[in-house]
>>> print(open('protein.txt').read())   # compact mmCIF, C-alpha atoms
# COMPACT_ATOMS: atom_id res chain seq x y z
CA MET A 1 5.64 10.30 -5.88
CA GLN A 2 3.99 13.06 -3.92
CA ILE A 3 4.81 16.71 -3.31
CA ALA A 4 5.37 17.69 0.32
CA ARG A 5 6.93 20.41 2.43
CA VAL A 6 9.48 19.74 5.15
CA VAL A 7 7.91 21.00 8.38
CA GLY A 8 10.14 19.69 11.14
CA THR A 9 12.49 17.12 12.52
CA VAL A 10 12.26 14.16 14.86
CA VAL A 11 14.82 12.93 17.34
CA ALA A 12 14.82 9.25 18.27
CA THR A 13 17.93 8.17 20.14
CA GLN A 14 16.80 4.58 20.42
CA LYS A 15 16.16 3.29 16.93
CA HIS A 16 16.84 0.48 14.49
CA SER A 17 20.55 0.49 13.60
CA ALA A 18 19.75 0.95 9.90
CA PHE A 19 18.74 4.52 10.74
CA ASP A 20 22.13 5.45 12.20
CA GLY A 21 23.27 8.64 10.51
CA ALA A 22 20.05 8.96 8.51
CA LYS A 23 18.12 12.21 8.85
CA LEU A 24 14.43 11.85 9.71
CA LEU A 25 12.31 14.76 8.52
CA LEU A 26 8.70 15.51 9.27
CA VAL A 27 6.94 16.25 5.98
CA GLN A 28 3.46 17.49 5.15
CA LEU A 29 1.90 16.36 1.88
CA LEU A 30 0.56 19.24 -0.22
CA ALA A 31 -2.34 19.69 -2.61
CA LEU A 32 -1.62 21.42 -5.93
CA ASP A 33 -2.47 24.78 -4.38
CA ASP A 34 0.14 24.10 -1.67
CA THR A 35 -2.43 23.61 1.10
CA PRO A 36 -1.70 20.70 3.45
CA ARG A 37 -3.52 17.42 2.85
CA GLY A 38 -3.58 14.40 5.11
CA PRO A 39 -1.44 13.83 8.20
CA ALA A 40 2.25 14.70 8.45
CA LEU A 41 4.63 11.77 8.15
CA LEU A 42 8.30 10.97 8.56
CA ALA A 43 10.65 10.48 5.64
CA VAL A 44 14.34 9.67 5.53
CA ASP A 45 16.40 12.26 3.70
CA ALA A 46 19.36 11.42 1.52
CA LEU A 47 19.46 14.75 -0.31
CA GLY A 48 20.10 17.28 2.45
CA ALA A 49 16.66 18.91 2.29
CA GLY A 50 15.98 21.72 4.73
CA VAL A 51 12.96 22.78 6.71
CA HIS A 52 10.43 24.74 4.57
CA GLU A 53 11.72 23.21 1.31
CA LYS A 54 9.25 21.62 -1.11
CA VAL A 55 10.28 18.04 -1.83
CA LEU A 56 9.36 14.88 -3.73
CA ILE A 57 8.43 11.98 -1.50
CA VAL A 58 8.41 8.33 -2.45
CA MET A 59 6.08 6.35 -0.21
CA GLU A 60 6.87 2.66 -0.42
CA GLY A 61 9.36 0.53 1.42
CA ARG A 62 11.38 -0.93 -1.40
CA ALA A 63 11.66 2.46 -3.09
CA ALA A 64 12.51 4.29 0.13
CA GLY A 65 15.26 1.82 0.94
CA GLN A 66 16.72 2.40 -2.53
CA ALA A 67 16.62 6.15 -1.96
CA LEU A 68 18.61 5.73 1.24
CA GLY A 69 21.05 3.43 -0.54
CA ARG A 70 20.31 0.76 2.03
CA THR A 71 18.01 -1.74 0.42
CA MET A 72 17.57 -3.67 3.66
CA ALA A 73 16.59 -0.65 5.78
CA PRO A 74 13.18 -0.74 7.47
CA VAL A 75 11.89 2.49 5.92
CA ASP A 76 8.68 3.28 4.05
CA ALA A 77 9.08 6.91 2.93
CA ALA A 78 12.01 8.93 1.59
CA ILE A 79 12.80 12.30 0.08
CA VAL A 80 14.01 11.73 -3.49
CA GLY A 81 14.02 15.25 -4.95
CA ILE A 82 13.83 18.93 -4.16
CA VAL A 83 11.14 20.67 -6.22
CA ASP A 84 12.11 23.71 -8.28
CA THR A 85 8.84 24.33 -10.11
CA VAL A 86 5.48 22.70 -10.66
CA ASP A 87 3.85 23.55 -13.99
CA LEU A 88 0.15 22.83 -13.99
CA GLU A 89 -1.51 23.10 -17.41
CA ALA A 90 -5.19 23.69 -16.92
CA MET B 1 7.23 6.31 8.97
CA GLN B 2 4.47 7.42 11.28
CA ILE B 3 4.34 8.56 14.87
CA ALA B 4 2.20 6.45 17.20
CA ARG B 5 1.67 5.71 20.85
CA VAL B 6 1.75 2.21 22.33
CA VAL B 7 -1.69 1.65 23.85
CA GLY B 8 -1.83 -2.04 24.66
CA THR B 9 -0.83 -5.59 23.97
CA VAL B 10 -2.34 -8.58 22.22
CA VAL B 11 -2.05 -12.23 23.12
CA ALA B 12 -2.37 -14.82 20.36
CA THR B 13 -1.28 -18.29 21.41
CA GLN B 14 -1.99 -19.80 18.03
CA LYS B 15 0.02 -17.88 15.47
CA HIS B 16 2.42 -18.18 12.54
CA SER B 17 5.72 -19.60 13.81
CA ALA B 18 7.61 -16.53 12.58
CA PHE B 19 5.99 -14.59 15.43
CA ASP B 20 7.40 -16.88 18.15
CA GLY B 21 9.12 -14.67 20.70
CA ALA B 22 8.10 -11.47 18.93
CA LYS B 23 6.18 -8.90 20.95
CA LEU B 24 2.94 -7.67 19.39
CA LEU B 25 1.95 -4.18 20.52
CA LEU B 26 -1.26 -2.31 19.90
CA VAL B 27 -0.37 1.17 18.63
CA GLN B 28 -2.46 4.24 17.92
CA LEU B 29 -1.28 6.58 15.16
CA LEU B 30 -1.07 10.22 16.27
CA ALA B 31 -1.60 13.57 14.59
CA LEU B 32 1.03 16.27 15.18
CA ASP B 33 -0.92 17.54 18.18
CA ASP B 34 -0.81 14.02 19.66
CA THR B 35 -4.51 13.34 19.12
CA PRO B 36 -5.35 9.84 17.83
CA ARG B 37 -5.98 9.45 14.10
CA GLY B 38 -7.30 6.39 12.34
CA PRO B 39 -7.79 2.93 13.85
CA ALA B 40 -5.33 1.24 16.22
CA LEU B 41 -3.16 -1.42 14.65
CA LEU B 42 -0.68 -4.09 15.68
CA ALA B 43 3.06 -3.73 15.24
CA VAL B 44 5.88 -6.10 16.07
CA ASP B 45 8.42 -4.62 18.47
CA ALA B 46 12.14 -5.26 18.25
CA LEU B 47 13.17 -2.32 20.45
CA GLY B 48 11.54 -3.08 23.78
CA ALA B 49 9.01 -0.26 23.66
CA GLY B 50 6.61 0.05 26.58
CA VAL B 51 2.98 0.97 26.87
CA HIS B 52 2.43 4.79 26.70
CA GLU B 53 5.72 5.38 24.83
CA LYS B 54 5.69 7.41 21.62
CA VAL B 55 7.22 5.38 18.80
CA LEU B 56 8.12 5.41 15.10
CA ILE B 57 6.16 2.89 13.07
CA VAL B 58 7.09 1.54 9.67
CA MET B 59 4.04 0.29 7.82
CA GLU B 60 5.06 -1.98 4.98
CA GLY B 61 5.82 -5.66 4.88
CA ARG B 62 9.32 -5.71 3.52
CA ALA B 63 10.39 -2.95 5.90
CA ALA B 64 8.68 -4.50 8.92
CA GLY B 65 10.34 -7.83 8.27
CA GLN B 66 13.71 -6.07 8.16
CA ALA B 67 12.93 -4.37 11.47
CA LEU B 68 12.25 -7.73 13.05
CA GLY B 69 15.43 -9.14 11.55
CA ARG B 70 13.37 -11.85 9.88
CA THR B 71 13.00 -10.92 6.25
CA MET B 72 10.63 -13.82 5.61
CA ALA B 73 8.23 -13.03 8.46
CA PRO B 74 4.60 -12.33 7.54
CA VAL B 75 4.44 -8.89 9.16
CA ASP B 76 3.30 -5.51 7.83
CA ALA B 77 4.06 -3.06 10.65
CA ALA B 78 6.93 -2.68 13.10
CA ILE B 79 8.26 -0.31 15.73
CA VAL B 80 11.61 1.05 14.50
CA GLY B 81 12.31 3.88 16.93
CA ILE B 82 11.32 5.46 20.22
CA VAL B 83 10.61 9.19 19.82
CA ASP B 84 12.47 11.64 22.06
CA THR B 85 11.27 14.92 20.57
CA VAL B 86 9.29 16.19 17.60
CA ASP B 87 10.28 19.68 16.44
CA LEU B 88 7.64 21.28 14.30
CA GLU B 89 8.72 24.53 12.63
CA ALA B 90 5.65 26.52 11.72
CA MET C 1 -3.89 0.18 -12.55
CA GLN C 2 -5.76 3.43 -12.55
CA ILE C 3 -6.87 5.84 -15.24
CA ALA C 4 -5.47 9.37 -15.00
CA ARG C 5 -4.90 12.46 -17.05
CA VAL C 6 -1.53 14.17 -17.42
CA VAL C 7 -2.00 17.68 -16.05
CA GLY C 8 1.49 19.12 -15.74
CA THR C 9 5.17 18.68 -15.20
CA VAL C 10 7.58 19.07 -12.31
CA VAL C 11 11.17 20.26 -12.38
CA ALA C 12 13.52 19.03 -9.67
CA THR C 13 17.17 19.77 -10.42
CA GLN C 14 18.40 18.17 -7.24
CA LYS C 15 17.14 14.60 -7.18
CA HIS C 16 18.13 10.98 -6.69
CA SER C 17 20.46 9.94 -9.50
CA ALA C 18 18.08 7.16 -10.56
CA PHE C 19 15.76 9.88 -11.89
CA ASP C 20 18.37 11.32 -14.30
CA GLY C 21 16.76 11.50 -17.71
CA ALA C 22 13.41 10.28 -16.44
CA LYS C 23 10.39 12.47 -17.11
CA LEU C 24 8.25 13.31 -14.08
CA LEU C 25 4.63 14.07 -14.94
CA LEU C 26 1.89 15.42 -12.71
CA VAL C 27 -1.18 13.20 -13.15
CA GLN C 28 -4.72 13.47 -11.88
CA LEU C 29 -6.62 10.25 -11.23
CA LEU C 30 -10.05 10.16 -12.91
CA ALA C 31 -13.40 8.63 -12.07
CA LEU C 32 -15.20 6.72 -14.83
CA ASP C 33 -16.99 9.90 -15.91
CA ASP C 34 -13.58 11.58 -16.29
CA THR C 35 -14.03 13.85 -13.28
CA PRO C 36 -10.93 14.22 -11.07
CA ARG C 37 -10.76 12.09 -7.92
CA GLY C 38 -8.22 12.37 -5.12
CA PRO C 39 -5.06 14.47 -5.13
CA ALA C 40 -2.71 14.85 -8.11
CA LEU C 41 0.47 12.80 -7.92
CA LEU C 42 3.75 12.39 -9.74
CA ALA C 43 4.50 9.49 -12.04
CA VAL C 44 7.60 8.65 -14.06
CA ASP C 45 6.94 8.35 -17.76
CA ALA C 46 8.65 5.81 -19.98
CA LEU C 47 6.15 6.07 -22.86
CA GLY C 48 6.41 9.68 -23.94
CA ALA C 49 2.96 10.72 -22.74
CA GLY C 50 1.97 14.34 -23.25
CA VAL C 51 0.03 16.83 -21.19
CA HIS C 52 -3.78 16.29 -21.50
CA GLU C 53 -3.39 12.63 -22.53
CA LYS C 54 -5.35 9.96 -20.67
CA VAL C 55 -2.98 7.33 -19.29
CA LEU C 56 -2.73 4.10 -17.29
CA ILE C 57 -0.92 4.50 -14.00
CA VAL C 58 0.64 1.74 -11.95
CA MET C 59 0.94 2.75 -8.31
CA GLU C 60 3.43 0.49 -6.53
CA GLY C 61 7.16 0.68 -6.21
CA ARG C 62 8.22 -2.64 -7.62
CA ALA C 63 5.89 -2.24 -10.59
CA ALA C 64 6.89 1.37 -11.23
CA GLY C 65 10.56 0.48 -11.20
CA GLN C 66 9.85 -2.22 -13.78
CA ALA C 67 8.01 0.28 -15.94
CA LEU C 68 11.03 2.55 -15.90
CA GLY C 69 13.30 -0.37 -16.69
CA ARG C 70 15.30 0.42 -13.57
CA THR C 71 14.29 -2.10 -10.96
CA MET C 72 16.35 -0.39 -8.28
CA ALA C 73 14.90 3.10 -8.82
CA PRO C 74 13.17 4.75 -5.86
CA VAL C 75 9.84 5.31 -7.62
CA ASP C 76 6.27 4.44 -6.61
CA ALA C 77 4.14 5.42 -9.62
CA ALA C 78 4.64 5.15 -13.38
CA ILE C 79 2.76 5.63 -16.62
CA VAL C 80 2.45 2.23 -18.31
CA GLY C 81 -0.04 2.90 -21.09
CA ILE C 82 -1.83 5.56 -23.09
CA VAL C 83 -5.60 5.00 -23.10
CA ASP C 84 -7.39 4.83 -26.44
CA THR C 85 -10.89 3.90 -25.28
CA VAL C 86 -12.69 2.86 -22.12
CA ASP C 87 -15.74 0.66 -22.72
CA LEU C 88 -18.06 0.59 -19.74
CA GLU C 89 -20.83 -2.00 -19.99
CA ALA C 90 -23.65 -0.96 -17.70
CA MET D 1 -1.35 -6.30 11.48
CA GLN D 2 -5.02 -5.69 12.05
CA ILE D 3 -7.66 -7.33 14.20
CA ALA D 4 -10.62 -8.84 12.34
CA ARG D 5 -13.42 -11.31 12.76
CA VAL D 6 -14.06 -14.19 10.37
CA VAL D 7 -17.56 -13.62 8.98
CA GLY D 8 -17.89 -16.06 6.12
CA THR D 9 -16.39 -18.08 3.32
CA VAL D 10 -16.04 -17.74 -0.43
CA VAL D 11 -16.12 -20.47 -3.05
CA ALA D 12 -14.26 -19.89 -6.30
CA THR D 13 -13.88 -23.04 -8.40
CA GLN D 14 -11.98 -21.29 -11.14
CA LYS D 15 -8.93 -19.66 -9.58
CA HIS D 16 -5.18 -19.22 -9.84
CA SER D 17 -3.51 -22.59 -9.20
CA ALA D 18 -1.56 -21.15 -6.25
CA PHE D 19 -4.85 -21.09 -4.33
CA ASP D 20 -5.48 -24.84 -4.69
CA GLY D 21 -6.14 -26.22 -1.24
CA ALA D 22 -5.96 -22.80 0.39
CA LYS D 23 -8.95 -21.67 2.45
CA LEU D 24 -10.36 -18.26 1.58
CA LEU D 25 -12.15 -16.59 4.48
CA LEU D 26 -14.22 -13.44 4.48
CA VAL D 27 -13.01 -11.22 7.33
CA GLN D 28 -14.31 -7.98 8.77
CA LEU D 29 -11.78 -5.56 10.28
CA LEU D 30 -12.70 -4.43 13.79
CA ALA D 31 -12.22 -1.26 15.79
CA LEU D 32 -10.93 -1.59 19.37
CA ASP D 33 -14.51 -1.81 20.65
CA ASP D 34 -15.12 -4.73 18.25
CA THR D 35 -17.41 -2.74 15.96
CA PRO D 36 -16.84 -3.35 12.23
CA ARG D 37 -14.75 -0.80 10.32
CA GLY D 38 -14.25 -0.60 6.58
CA PRO D 39 -15.34 -3.17 4.01
CA ALA D 40 -15.01 -6.94 4.46
CA LEU D 41 -12.12 -8.53 2.59
CA LEU D 42 -10.78 -11.97 1.75
CA ALA D 43 -7.79 -13.51 3.49
CA VAL D 44 -6.09 -16.86 2.99
CA ASP D 45 -6.00 -18.97 6.11
CA ALA D 46 -3.08 -21.17 7.07
CA LEU D 47 -4.07 -21.57 10.72
CA GLY D 48 -7.46 -23.26 10.57
CA ALA D 49 -9.47 -20.30 11.83
CA GLY D 50 -13.21 -20.73 12.10
CA VAL D 51 -16.15 -18.47 11.43
CA HIS D 52 -16.76 -16.01 14.33
CA GLU D 53 -13.15 -16.24 15.57
CA LYS D 54 -11.16 -13.06 16.14
CA VAL D 55 -7.96 -13.15 14.11
CA LEU D 56 -4.79 -11.24 13.21
CA ILE D 57 -4.63 -10.22 9.58
CA VAL D 58 -1.53 -9.25 7.66
CA MET D 59 -2.38 -7.07 4.68
CA GLU D 60 0.48 -7.03 2.20
CA GLY D 61 1.40 -9.36 -0.60
CA ARG D 62 4.90 -10.40 0.38
CA ALA D 63 3.82 -11.01 3.96
CA ALA D 64 0.65 -12.87 3.00
CA GLY D 65 2.59 -15.16 0.68
CA GLN D 66 4.98 -15.94 3.54
CA ALA D 67 2.02 -16.74 5.79
CA LEU D 68 0.73 -19.22 3.25
CA GLY D 69 4.19 -20.72 2.88
CA ARG D 70 4.05 -20.00 -0.84
CA THR D 71 6.17 -16.96 -1.48
CA MET D 72 5.13 -16.83 -5.13
CA ALA D 73 1.38 -16.96 -4.49
CA PRO D 74 -0.71 -14.02 -5.75
CA VAL D 75 -2.22 -13.12 -2.38
CA ASP D 76 -2.42 -9.82 -0.51
CA ALA D 77 -4.00 -10.72 2.87
CA ALA D 78 -3.60 -13.65 5.25
CA ILE D 79 -4.62 -14.79 8.71
CA VAL D 80 -1.46 -15.07 10.83
CA GLY D 81 -2.85 -15.50 14.35
CA ILE D 82 -5.94 -16.24 16.40
CA VAL D 83 -6.51 -13.59 19.08
CA ASP D 84 -6.87 -14.71 22.69
CA THR D 85 -7.01 -11.33 24.42
CA VAL D 86 -6.54 -7.66 23.62
CA ASP D 87 -5.34 -5.57 26.57
CA LEU D 88 -5.93 -1.89 26.04
CA GLU D 89 -4.28 0.35 28.64
CA ALA D 90 -6.10 3.66 28.69
CA MET E 1 -8.21 -10.08 -1.83
CA GLN E 2 -11.33 -8.17 -2.68
CA ILE E 3 -14.58 -9.03 -4.42
CA ALA E 4 -15.34 -7.03 -7.56
CA ARG E 5 -17.47 -7.14 -10.67
CA VAL E 6 -16.07 -6.80 -14.19
CA VAL E 7 -17.73 -3.72 -15.67
CA GLY E 8 -15.82 -2.99 -18.86
CA THR E 9 -12.66 -3.09 -20.89
CA VAL E 10 -9.90 -0.66 -21.76
CA VAL E 11 -7.95 -0.40 -24.99
CA ALA E 12 -4.43 1.03 -24.88
CA THR E 13 -2.48 0.48 -28.07
CA GLN E 14 0.63 2.18 -26.74
CA LYS E 15 1.65 0.41 -23.57
CA HIS E 16 4.53 -1.21 -21.73
CA SER E 17 5.60 -4.33 -23.61
CA ALA E 18 4.91 -6.51 -20.57
CA PHE E 19 1.20 -5.96 -21.22
CA ASP E 20 1.30 -7.41 -24.75
CA GLY E 21 -1.41 -10.04 -24.98
CA ALA E 22 -2.67 -9.36 -21.46
CA LYS E 23 -6.34 -8.47 -21.07
CA LEU E 24 -7.06 -5.31 -19.10
CA LEU E 25 -10.47 -5.31 -17.44
CA LEU E 26 -12.25 -2.48 -15.67
CA VAL E 27 -13.49 -3.79 -12.32
CA GLN E 28 -15.69 -2.28 -9.64
CA LEU E 29 -15.08 -3.30 -6.04
CA LEU E 30 -18.23 -4.48 -4.25
CA ALA E 31 -19.51 -4.30 -0.70
CA LEU E 32 -20.97 -7.49 0.81
CA ASP E 33 -24.43 -6.52 -0.43
CA ASP E 34 -23.00 -6.23 -3.97
CA THR E 35 -23.28 -2.45 -4.07
CA PRO E 36 -20.28 -0.65 -5.64
CA ARG E 37 -17.69 0.81 -3.30
CA GLY E 38 -14.80 3.09 -4.21
CA PRO E 39 -13.63 3.95 -7.72
CA ALA E 40 -13.38 1.45 -10.57
CA LEU E 41 -9.87 0.25 -11.36
CA LEU E 42 -8.03 -1.78 -13.95
CA ALA E 43 -6.88 -5.35 -13.38
CA VAL E 44 -5.02 -7.75 -15.63
CA ASP E 45 -6.89 -10.96 -16.28
CA ALA E 46 -5.21 -14.34 -16.57
CA LEU E 47 -8.39 -16.39 -16.05
CA GLY E 48 -10.61 -15.38 -18.94
CA ALA E 49 -13.17 -13.51 -16.85
CA GLY E 50 -16.06 -11.91 -18.71
CA VAL E 51 -17.94 -8.66 -18.27
CA HIS E 52 -20.58 -8.88 -15.47
CA GLU E 53 -18.74 -11.77 -13.71
CA LYS E 54 -17.96 -11.48 -10.01
CA VAL E 55 -14.24 -11.95 -9.44
CA LEU E 56 -11.48 -12.03 -6.81
CA ILE E 57 -8.98 -9.22 -7.15
CA VAL E 58 -5.51 -9.12 -5.71
CA MET E 59 -4.29 -5.56 -5.30
CA GLU E 60 -0.52 -5.49 -4.93
CA GLY E 61 2.25 -5.43 -7.46
CA ARG E 62 4.22 -8.50 -6.51
CA ALA E 63 1.06 -10.57 -6.23
CA ALA E 64 -0.44 -9.24 -9.45
CA GLY E 65 2.74 -10.01 -11.37
CA GLN E 66 2.60 -13.58 -10.03
CA ALA E 67 -1.00 -13.87 -11.15
CA LEU E 68 -0.02 -12.86 -14.65
CA GLY E 69 2.88 -15.30 -14.59
CA ARG E 70 5.24 -12.42 -15.36
CA THR E 71 6.96 -11.50 -12.13
CA MET E 72 8.67 -8.52 -13.73
CA ALA E 73 5.51 -6.97 -15.19
CA PRO E 74 4.60 -3.45 -14.05
CA VAL E 75 1.13 -4.34 -12.75
CA ASP E 76 -0.58 -3.66 -9.43
CA ALA E 77 -3.94 -5.48 -9.65
CA ALA E 78 -5.01 -8.82 -11.11
CA ILE E 79 -8.01 -11.12 -11.29
CA VAL E 80 -7.12 -14.34 -9.45
CA GLY E 81 -10.47 -16.10 -9.18
CA ILE E 82 -14.06 -16.18 -10.38
CA VAL E 83 -16.51 -16.16 -7.47
CA ASP E 84 -19.12 -18.91 -7.31
CA THR E 85 -20.70 -18.14 -3.94
CA VAL E 86 -20.13 -15.90 -0.94
CA ASP E 87 -21.43 -17.32 2.34
CA LEU E 88 -21.83 -14.67 4.99
CA GLU E 89 -22.57 -16.03 8.46
CA ALA E 90 -24.20 -13.30 10.48
>>> encode(input="protein.txt", output="structure tokens")
Amino acid sequence: MQIARVVGTVVATQKHSAFDGAKLLLVQLLALDDTPRGPALLAVDALGAGVHEKVLIVMEGRAAGQALGRTMAPVDAAIVGIVDTVDLEA
Amino acid sequence: MQIARVVGTVVATQKHSAFDGAKLLLVQLLALDDTPRGPALLAVDALGAGVHEKVLIVMEGRAAGQALGRTMAPVDAAIVGIVDTVDLEA
Amino acid sequence: MQIARVVGTVVATQKHSAFDGAKLLLVQLLALDDTPRGPALLAVDALGAGVHEKVLIVMEGRAAGQALGRTMAPVDAAIVGIVDTVDLEA
Amino acid sequence: MQIARVVGTVVATQKHSAFDGAKLLLVQLLALDDTPRGPALLAVDALGAGVHEKVLIVMEGRAAGQALGRTMAPVDAAIVGIVDTVDLEA
Amino acid sequence: MQIARVVGTVVATQKHSAFDGAKLLLVQLLALDDTPRGPALLAVDALGAGVHEKVLIVMEGRAAGQALGRTMAPVDAAIVGIVDTVDLEA
């Protein structure tokens, strides 16, 4: 799993029916010092995460489908947690 | 999922039978400012996307097969949505 | 599998129910000379690994779910071993 | 899927029995201008592709196994098409 | 599949039970000119490969589990062949 921040939303009227009712959020992966790393990507959200929240992302199709509760959905990334704290022990 | 633009098409007469009738589009992944990032790749299209359209790509075999409605197809990327708007909240 | 060091923990009160009771550890992948490589990531732990321990990480959803003993869990990385020694033959 | 060129062959007498009779080709991924990109890799071939041919590669285990017609085979890349033309619309 | 050289071994007394009796080898991916590329990683070995041997690696969980003959094992890389020759046709 990776830590990311929700940075936006995407609207796609025409989409695979498995996405009906699913929220698509634009997320930015973060380094440990909370700076962005890599490109932004889209994740389905089954937890009600909001923009600016720090979240846990699972990036794999089987896992993302499980997160959405739709094992046959064509998804490859999902929000599976909302981060309270990260404790880094140097 | 990733945001990409359809940039071309590929013709392959000799191919795995699971691709019969499936459209193969050449897509270019985009950064949030719509500049290209990474190499172009091929995705199967089950939505009727056209060249120049901005689309949602799922990049994983299980998910791509689901998108095509052929769970046993040897595919690893598929178009699953056509993007209307991307709202980035800074 | 990859070699990593446990460098911290993450608390996420609101998360997918499949994570209930699972420990989420922050791990840093290591090069052969034990220097960090790449970003830190989160792995579920089914072995009771502690901070600072060197561990084996499996990075794939199906495999990580197996490691957790919950094949339907939306996870993509897991700790599957605690490293005693690495013998590199030049 | 990715576009690649077949650049060689590999002989491995001692191998997993699922590879018996399967052809292992060395392929080089290509950029849109046909220059090489990334390292060469090995793909199983179920289409009879020849050296120097431009091919479609699927890079994922489930999909590659489907391409070979052996869903339980331990493979992660397969040739699934032979490219006739690539039409890039600028 | 990728070409790699076996460069060492790893001992992990405390590990997931699916690894009992499985050999864990440290492998270094190779470029076509046999120079190392990328970080070393760990692969399960079901073929009896030795240190210094050039091997074929499959890097994907489903495939690696098949290679080990334990489809439920939490593994993501396996040795599936021992390379005799690589013929690169320029």
>>> atom_distance(input="protein.txt", atom1="CA of Val80 (chain E)", atom2="CA of His16 (chain D)")
5.3 Å
>>> closest_residue(input="protein.txt", among="B:Ala12, B:Thr35, B:Leu30, B:Ala46", to="Arg70 (chain B)", atoms="only C-alpha atoms")
B:Ala46
>>> interface_residues(input="protein.txt", of="chain C", to="chain B", cutoff="12 Å", atoms="only C-alpha atoms", output="PyMOL selection string")
chain C and resi 60-62
>>> write_last_selection(input="protein.txt", atoms="C-alpha atoms", output="PDB file, in the coordinates of the input")
ATOM      1  CA  GLU C  60       3.430   0.490  -6.530  1.00  0.00           C
ATOM      2  CA  GLY C  61       7.160   0.680  -6.210  1.00  0.00           C
ATOM      3  CA  ARG C  62       8.220  -2.640  -7.620  1.00  0.00           C
TER       4      ARG C  62
END
>>> residues_around(input="protein.txt", residues="Asp87 (chain A)", least_positions_apart="4", cutoff="9 Å", atoms="all atoms listed in the file", output="ChimeraX atom specification")
/C:7-11,26
>>> residues_around(input="protein.txt", residues="Ala4 (chain C)", least_positions_apart="5", cutoff="6 Å", atoms="all atoms listed in the file", output="number ranges by chain")
C: 28-30, 54-55
>>> closest_residue(input="protein.txt", among="A:Ala18, A:Leu25, A:Pro36, A:Gly50", to="Thr71 (chain A)", atoms="all atoms listed in the file")
A:Ala18
>>> atom_distance(input="protein.txt", atom1="CA of Asp34 (chain C)", atom2="CA of Ala40 (chain E)")
11.6 Å
>>> closest_residue(input="protein.txt", among="A:Met1, A:Leu41, A:Leu32, A:Leu47", to="Leu88 (chain B)", atoms="all atoms listed in the file")
A:Leu41
>>> atom_distance(input="protein.txt", atom1="CA of Val58 (chain D)", atom2="CA of Pro39 (chain B)")
15.0 Å
>>> axis_aligned_box(input="protein.txt", around="region 57-62 of chain A", padding_each_side="6 Å", output="AutoDock Vina command-line options")
--center_x 8.7 --center_y 5.5 --center_z -0.5 --size_x 17.3 --size_y 24.9 --size_z 15.9
>>> residues_around(input="protein.txt", residues="Ala63 (chain C)", least_positions_apart="2", cutoff="9 Å", atoms="only C-alpha atoms", output="PyMOL selection string")
(chain C and resi 58-61+65-68+71+76-78) or (chain E and resi 61-62+65+72-76)
>>> closest_residue(input="protein.txt", among="D:Leu42, D:Thr13, D:Val6, D:Glu53", to="Asp84 (chain E)", atoms="all atoms listed in the file")
D:Thr13
>>> residues_around(input="protein.txt", residues="Leu56 (chain E)", least_positions_apart="3", cutoff="6 Å", atoms="only C-alpha atoms", output="mmCIF file with C-alpha atoms, in the coordinates of the input")
data_model
loop_
_atom_site.group_PDB
_atom_site.id
_atom_site.type_symbol
_atom_site.label_atom_id
_atom_site.label_comp_id
_atom_site.auth_asym_id
_atom_site.auth_seq_id
_atom_site.Cartn_x
_atom_site.Cartn_y
_atom_site.Cartn_z
ATOM 1 C CA GLN E 2 -11.330 -8.170 -2.680
ATOM 2 C CA ILE E 3 -14.580 -9.030 -4.420
ATOM 3 C CA ILE E 79 -8.010 -11.120 -11.290
ATOM 4 C CA VAL E 80 -7.120 -14.340 -9.450
ATOM 5 C CA GLY E 81 -10.470 -16.100 -9.180
#
>>> decode(input="protein.txt", residues="region 5-21 of chain A", atoms="C-alpha atoms", output="mmCIF file, in the first residue's frame")
data_model
loop_
_atom_site.group_PDB
_atom_site.id
_atom_site.type_symbol
_atom_site.label_atom_id
_atom_site.label_comp_id
_atom_site.auth_asym_id
_atom_site.auth_seq_id
_atom_site.Cartn_x
_atom_site.Cartn_y
_atom_site.Cartn_z
ATOM 1 C CA ARG A 5 -3.244 12.706 -0.844
ATOM 2 C CA VAL A 6 -6.582 13.246 -2.572
ATOM 3 C CA VAL A 7 -6.053 16.174 -4.946
ATOM 4 C CA GLY A 8 -9.137 16.237 -7.140
ATOM 5 C CA THR A 9 -11.967 14.495 -8.867
ATOM 6 C CA VAL A 10 -12.692 13.230 -12.353
ATOM 7 C CA VAL A 11 -15.994 13.162 -14.182
ATOM 8 C CA ALA A 12 -16.528 10.525 -16.861
ATOM 9 C CA THR A 13 -20.141 10.213 -17.963
ATOM 10 C CA GLN A 14 -19.392 7.455 -20.427
ATOM 11 C CA LYS A 15 -17.743 4.631 -18.541
ATOM 12 C CA HIS A 16 -17.784 0.905 -17.880
ATOM 13 C CA SER A 17 -20.994 0.011 -16.037
ATOM 14 C CA ALA A 18 -19.021 -1.425 -13.109
ATOM 15 C CA PHE A 19 -18.098 2.154 -12.192
ATOM 16 C CA ASP A 20 -21.720 3.296 -11.822
ATOM 17 C CA GLY A 21 -22.044 4.979 -8.450
#
